[in-house]
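Here the structure comes first, spelled out in structure tokens, and everything after it is commentary.
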Amino acid sequence: MLFAVLARKAYARNLQYRGSHLLHNAVSAVFGFIYASIWTSLGSDASLGEYGAKGIVSYIAFNQAILWITQFTTNGLGLEQSVRTGQIAVDLMRPVHLFYQAMSREWGQVWYQFLYKSIPIYVLYVFIFSLQLPQIASVYGWTALSLVTASYISICLNYLIGVAALWTTESRWFYWVNYSFAMLLSGFFIPVEWLPGWLRTISLYTPYPYLLYYPTRIYLGLEHGTVVLGAILWGIGFTCVCLAVTAVVRKKLEVQGG
């Protein structure tokens with residue numbers, strides 16, 4: 001199965017850099033500890049709503065751990081570099097859809113990030129902050145599904161960013177714009193319900209809360225798992241857009257090539 005082959009190769013490629021990736025884990029864990037400490041200090045003087053001082057630490061800890069599979073996907077899925085080197089023409093000539101190729105490779109990356117970054121970071125937080133794990137089995141199932149859909153949405157967004165390189169010589173700035181919006185509207189810095197009213201409304205009409213906010217609330221038992229249906233709808237919509245854009249890309253390359 002081609003999907004498994006491409007994903008496995010991406011996973012194996014990352015395995016070669018496990019040592020250097022430990023530094024990423026350490027830095028990420030430190031940032032999470034700083035955020036948690038800030039909110040703990042705030043919680044000592046003010047109410048933190050339904051989260052409470054302990055709950056907000058759990059929120060921050062889980063958010064920080066899943067960043068690696070929902071936010072830190074490959075910039076443009078590497079398509080910008082393919083456009084620069086001309087490799088994109090070869091990829092489009094292959095009897096496999098470009099989106100399927102890029103997505104399959106990225107799933108290998110996501111699986112690696114989950115095993116070697118998300119899990120170790122969260123386990124560390126469990127011991128440091130004495131976090132409580134969910135006691136209901138269904139919560140783990142809904143959380144897993146929400147994380148898969150979150151990763152898929154992130155993959156689709158980065159695919160569209162990468163494909164944009166065919167229309168502009170530099171698409172990297174799209175990645176940073178997307179990253180900035182994601183950090184603000186996904187509930188990473190602050191839970192979505194605490195955003196100003198107008199900004200909260202904007203956030204809820206975007207896919208960003210499904211990247212961090214909803215998966216975390218599902219895991220904490222603050223949201224029912226069926227909220228993931230919204231992420232599935234976003235995923236279907238993004239799939240259609242990615243396929244349509246790829247069709248335009250193929251035509252564009254054929255025209256350019258004469």
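So you can find residues: chains in the structure tokens are A, B, ... in the order shown, residues in each start at 1, and ligands are numbered from 1 in order.
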Using only C-alpha atoms, what does the table of stretch 56-139 of chain A residues within 10 Å of stretch 207-213 of chain A look like, with each row giving the shortest atom pair and its distance in Å to one decimal, sorted by chain and ascending number, as a Markdown table?
| residue | atom | partner | partner_atom | distance |
| --- | --- | --- | --- | --- |
| A:Tyr59 | CA | A:Tyr213 | CA | 8.8 |
| A:Phe62 | CA | A:Leu212 | CA | 8.8 |
| A:Asn63 | CA | A:Leu212 | CA | 6.1 |
| A:Gln64 | CA | A:Leu212 | CA | 9.1 |
| A:Ile66 | CA | A:Leu212 | CA | 7.5 |
| A:Leu67 | CA | A:Leu212 | CA | 7.5 |
| A:Ile69 | CA | A:Leu211 | CA | 9.2 |
| A:Thr70 | CA | A:Leu211 | CA | 5.7 |
| A:Gln71 | CA | A:Leu211 | CA | 7.3 |
Where does stretch 123-166 of chain A meet stretch 111-117 of chain A within 12 Å, residue by residue, with the nearest atom pair and distance in Å to one decimal for each, counting only C-alpha atoms, listed by chain and rising number, as a tab-separated table?
residue	atom	partner	partner_atom	distance
A:Val123	CA	A:Lys117	CA	10.1
A:Leu124	CA	A:Lys117	CA	10.7
A:Ala144	CA	A:Phe114	CA	11.4
A:Leu147	CA	A:Phe114	CA	10.2
A:Val148	CA	A:Trp111	CA	10.2
A:Ser151	CA	A:Trp111	CA	10.1
Go through A:Ser186, A:Asn158, A:Thr239, A:Gln109 and flag the residue nearest A:Gly76, using only C-alpha atoms for the distances.
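Comparing A:Ser186, A:Asn158, A:Thr239, A:Gln109 against A:Gly76, the winner is A:Asn158.
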Counting only C-alpha atoms, the option among A:Ala231, A:Ile218, A:Tyr11, A:Leu42 closest to A:Tyr205
A:Ala231
Taking only C-alpha atoms into account, which of A:Pro120, A:Gly221, A:Gly141, A:Pro196 comes nearest A:Asn25?
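Closest to A:Asn25, using only C-alpha atoms: A:Pro120.
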List the spatial neighbours of A:Val163 as a list in words - criterion: any atom at most 8 Å away, only C-alpha atoms, same-chain residues fewer than 2 positions off excluded.
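In the requested format, the answer is Gly76, Leu79, Glu80, Tyr159, Leu160, Ile161, Ala165, Leu166, Val245, Thr246 and Val249 of chain A.
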File of the preceding selection, all heavy atoms, as a PDB file, in the first residue's frame:
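After the write, part.pdb holds the following:
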ATOM      1  N   GLY A  76       4.249  23.963   4.325  1.00  0.00           N
ATOM      2  CA  GLY A  76       3.859  23.724   2.937  1.00  0.00           C
ATOM      3  C   GLY A  76       4.020  22.285   2.489  1.00  0.00           C
ATOM      4  O   GLY A  76       3.997  21.999   1.289  1.00  0.00           O
ATOM      5  N   LEU A  79       6.317  21.401  -0.445  1.00  0.00           N
ATOM      6  CA  LEU A  79       6.007  21.648  -1.860  1.00  0.00           C
ATOM      7  C   LEU A  79       6.700  22.894  -2.393  1.00  0.00           C
ATOM      8  O   LEU A  79       7.036  22.970  -3.582  1.00  0.00           O
ATOM      9  CB  LEU A  79       4.493  21.782  -2.047  1.00  0.00           C
ATOM     10  CG  LEU A  79       3.690  20.504  -1.792  1.00  0.00           C
ATOM     11  CD1 LEU A  79       2.206  20.777  -1.948  1.00  0.00           C
ATOM     12  CD2 LEU A  79       4.124  19.398  -2.752  1.00  0.00           C
ATOM     13  N   GLU A  80       6.913  23.884  -1.524  1.00  0.00           N
ATOM     14  CA  GLU A  80       7.605  25.094  -1.979  1.00  0.00           C
ATOM     15  C   GLU A  80       9.002  24.746  -2.481  1.00  0.00           C
ATOM     16  O   GLU A  80       9.438  25.227  -3.537  1.00  0.00           O
ATOM     17  CB  GLU A  80       7.701  26.109  -0.845  1.00  0.00           C
ATOM     18  CG  GLU A  80       8.400  27.392  -1.260  1.00  0.00           C
ATOM     19  CD  GLU A  80       8.630  28.346  -0.101  1.00  0.00           C
ATOM     20  OE1 GLU A  80       8.236  28.025   1.024  1.00  0.00           O
ATOM     21  OE2 GLU A  80       9.218  29.414  -0.345  1.00  0.00           O
ATOM     22  N   TYR A 159      -0.834  22.013   2.798  1.00  0.00           N
ATOM     23  CA  TYR A 159      -0.804  21.632   1.381  1.00  0.00           C
ATOM     24  C   TYR A 159      -1.179  22.836   0.515  1.00  0.00           C
ATOM     25  O   TYR A 159      -0.513  23.121  -0.488  1.00  0.00           O
ATOM     26  CB  TYR A 159      -1.769  20.479   1.126  1.00  0.00           C
ATOM     27  CG  TYR A 159      -1.842  20.066  -0.330  1.00  0.00           C
ATOM     28  CD1 TYR A 159      -0.861  19.249  -0.882  1.00  0.00           C
ATOM     29  CD2 TYR A 159      -2.880  20.501  -1.152  1.00  0.00           C
ATOM     30  CE1 TYR A 159      -0.910  18.874  -2.228  1.00  0.00           C
ATOM     31  CE2 TYR A 159      -2.943  20.136  -2.487  1.00  0.00           C
ATOM     32  CZ  TYR A 159      -1.956  19.322  -3.015  1.00  0.00           C
ATOM     33  OH  TYR A 159      -2.003  18.958  -4.342  1.00  0.00           O
ATOM     34  N   LEU A 160      -2.220  23.542   0.901  1.00  0.00           N
ATOM     35  CA  LEU A 160      -2.646  24.720   0.140  1.00  0.00           C
ATOM     36  C   LEU A 160      -1.575  25.807   0.177  1.00  0.00           C
ATOM     37  O   LEU A 160      -1.357  26.510  -0.817  1.00  0.00           O
ATOM     38  CB  LEU A 160      -3.960  25.254   0.710  1.00  0.00           C
ATOM     39  CG  LEU A 160      -5.172  24.316   0.548  1.00  0.00           C
ATOM     40  CD1 LEU A 160      -6.383  24.876   1.271  1.00  0.00           C
ATOM     41  CD2 LEU A 160      -5.478  24.096  -0.923  1.00  0.00           C
ATOM     42  N   ILE A 161      -0.899  25.934   1.308  1.00  0.00           N
ATOM     43  CA  ILE A 161       0.203  26.883   1.416  1.00  0.00           C
ATOM     44  C   ILE A 161       1.335  26.494   0.467  1.00  0.00           C
ATOM     45  O   ILE A 161       1.907  27.340  -0.225  1.00  0.00           O
ATOM     46  CB  ILE A 161       0.720  26.950   2.872  1.00  0.00           C
ATOM     47  CG1 ILE A 161      -0.317  27.610   3.771  1.00  0.00           C
ATOM     48  CG2 ILE A 161       2.048  27.707   2.953  1.00  0.00           C
ATOM     49  CD1 ILE A 161      -0.013  27.509   5.250  1.00  0.00           C
ATOM     50  N   ALA A 165       2.941  28.160  -3.902  1.00  0.00           N
ATOM     51  CA  ALA A 165       4.266  28.491  -4.433  1.00  0.00           C
ATOM     52  C   ALA A 165       4.283  28.467  -5.964  1.00  0.00           C
ATOM     53  O   ALA A 165       5.196  29.024  -6.585  1.00  0.00           O
ATOM     54  CB  ALA A 165       5.310  27.516  -3.896  1.00  0.00           C
ATOM     55  N   LEU A 166       3.292  27.852  -6.583  1.00  0.00           N
ATOM     56  CA  LEU A 166       3.219  27.823  -8.039  1.00  0.00           C
ATOM     57  C   LEU A 166       2.754  29.160  -8.607  1.00  0.00           C
ATOM     58  O   LEU A 166       2.924  29.428  -9.785  1.00  0.00           O
ATOM     59  CB  LEU A 166       2.269  26.709  -8.496  1.00  0.00           C
ATOM     60  CG  LEU A 166       2.849  25.292  -8.359  1.00  0.00           C
ATOM     61  CD1 LEU A 166       1.750  24.262  -8.299  1.00  0.00           C
ATOM     62  CD2 LEU A 166       3.781  25.010  -9.516  1.00  0.00           C
ATOM     63  N   VAL A 245      -7.768  22.462  -6.280  1.00  0.00           N
ATOM     64  CA  VAL A 245      -6.559  23.264  -6.522  1.00  0.00           C
ATOM     65  C   VAL A 245      -5.516  22.442  -7.262  1.00  0.00           C
ATOM     66  O   VAL A 245      -4.826  22.957  -8.150  1.00  0.00           O
ATOM     67  CB  VAL A 245      -5.995  23.789  -5.184  1.00  0.00           C
ATOM     68  CG1 VAL A 245      -4.603  24.387  -5.385  1.00  0.00           C
ATOM     69  CG2 VAL A 245      -6.921  24.831  -4.592  1.00  0.00           C
ATOM     70  N   THR A 246      -5.406  21.171  -6.936  1.00  0.00           N
ATOM     71  CA  THR A 246      -4.430  20.308  -7.618  1.00  0.00           C
ATOM     72  C   THR A 246      -4.769  20.171  -9.092  1.00  0.00           C
ATOM     73  O   THR A 246      -3.877  20.135  -9.951  1.00  0.00           O
ATOM     74  CB  THR A 246      -4.382  18.915  -6.959  1.00  0.00           C
ATOM     75  OG1 THR A 246      -4.127  19.063  -5.570  1.00  0.00           O
ATOM     76  CG2 THR A 246      -3.282  18.067  -7.581  1.00  0.00           C
ATOM     77  N   VAL A 249      -3.517  23.159 -10.687  1.00  0.00           N
ATOM     78  CA  VAL A 249      -2.054  23.110 -10.728  1.00  0.00           C
ATOM     79  C   VAL A 249      -1.576  22.289 -11.916  1.00  0.00           C
ATOM     80  O   VAL A 249      -0.650  22.675 -12.633  1.00  0.00           O
ATOM     81  CB  VAL A 249      -1.501  22.515  -9.415  1.00  0.00           C
ATOM     82  CG1 VAL A 249      -0.033  22.134  -9.566  1.00  0.00           C
ATOM     83  CG2 VAL A 249      -1.660  23.508  -8.284  1.00  0.00           C
TER      84      VAL A 249
END
Could you state the separation of atom CA of A:Lys9 and atom CA of A:Trp234 in Å, given to one decimal place?
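Answer for the atom CA of A:Lys9 to atom CA of A:Trp234 separation: 28.1 Å.
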If you run DSSP over the backbone, which residues in stretch 45-109 of chain A end up alpha helix (DSSP H)? Put them as a PyMOL selection string.
chain A and resi 52-70+79-85+87-93+98-109
Keeping only C-alpha atoms, write those residues as a JSON list (two decimals), in the first residue's frame.
[["chain", "number", "residue", "atom", "x", "y", "z"],
["A", 52, "GLY", "CA", -9.87, 26.33, 37.98],
["A", 53, "ALA", "CA", -6.17, 26.63, 38.81],
["A", 54, "LYS", "CA", -5.57, 22.89, 38.40],
["A", 55, "GLY", "CA", -7.68, 22.58, 35.28],
["A", 56, "ILE", "CA", -5.95, 25.41, 33.43],
["A", 57, "VAL", "CA", -2.59, 23.73, 34.04],
["A", 58, "SER", "CA", -3.98, 20.54, 32.51],
["A", 59, "TYR", "CA", -5.29, 22.61, 29.60],
["A", 60, "ILE", "CA", -1.89, 24.21, 28.97],
["A", 61, "ALA", "CA", -0.02, 20.92, 29.38],
["A", 62, "PHE", "CA", -2.17, 19.03, 26.87],
["A", 63, "ASN", "CA", -2.13, 21.96, 24.44],
["A", 64, "GLN", "CA", 1.66, 22.14, 24.56],
["A", 65, "ALA", "CA", 2.01, 18.40, 23.96],
["A", 66, "ILE", "CA", -0.31, 18.16, 20.96],
["A", 67, "LEU", "CA", 1.16, 21.22, 19.25],
["A", 68, "TRP", "CA", 3.61, 18.87, 17.56],
["A", 69, "ILE", "CA", 0.91, 16.99, 15.68],
["A", 70, "THR", "CA", -1.69, 19.70, 15.12],
["A", 79, "LEU", "CA", 6.01, 21.65, -1.86],
["A", 80, "GLU", "CA", 7.61, 25.09, -1.98],
["A", 81, "GLN", "CA", 11.03, 23.48, -2.15],
["A", 82, "SER", "CA", 9.78, 21.07, -4.82],
["A", 83, "VAL", "CA", 8.63, 24.01, -6.92],
["A", 84, "ARG", "CA", 12.00, 25.73, -6.53],
["A", 85, "THR", "CA", 13.96, 22.64, -7.59],
["A", 87, "GLN", "CA", 10.78, 18.29, -8.49],
["A", 88, "ILE", "CA", 7.11, 19.24, -8.55],
["A", 89, "ALA", "CA", 6.96, 18.40, -12.28],
["A", 90, "VAL", "CA", 8.19, 14.87, -11.59],
["A", 91, "ASP", "CA", 5.74, 14.48, -8.69],
["A", 92, "LEU", "CA", 2.83, 15.48, -10.92],
["A", 93, "MET", "CA", 3.92, 13.00, -13.60],
["A", 98, "LEU", "CA", -0.01, 14.97, -5.64],
["A", 99, "PHE", "CA", -2.19, 15.56, -2.58],
["A", 100, "TYR", "CA", -2.13, 11.86, -1.72],
["A", 101, "GLN", "CA", 1.67, 11.80, -2.00],
["A", 102, "ALA", "CA", 2.24, 14.84, 0.19],
["A", 103, "MET", "CA", -0.39, 13.80, 2.72],
["A", 104, "SER", "CA", 1.00, 10.27, 3.05],
["A", 105, "ARG", "CA", 4.51, 11.52, 3.71],
["A", 106, "GLU", "CA", 3.24, 13.98, 6.29],
["A", 107, "TRP", "CA", 1.32, 11.31, 8.19],
["A", 108, "GLY", "CA", 4.63, 9.54, 8.75],
["A", 109, "GLN", "CA", 5.99, 12.79, 10.18]]
Expressed in Å, the length from atom CA of A:Phe238 to atom CA of A:Leu185 is 18.2 Å
Shortest interatomic distance to A:Ser138 - which of A:Phe33, A:Tyr175, A:Tyr51, A:Tyr219, counting only C-alpha atoms:
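Using only C-alpha atoms, the shortest distance to A:Ser138 belongs to A:Tyr219.
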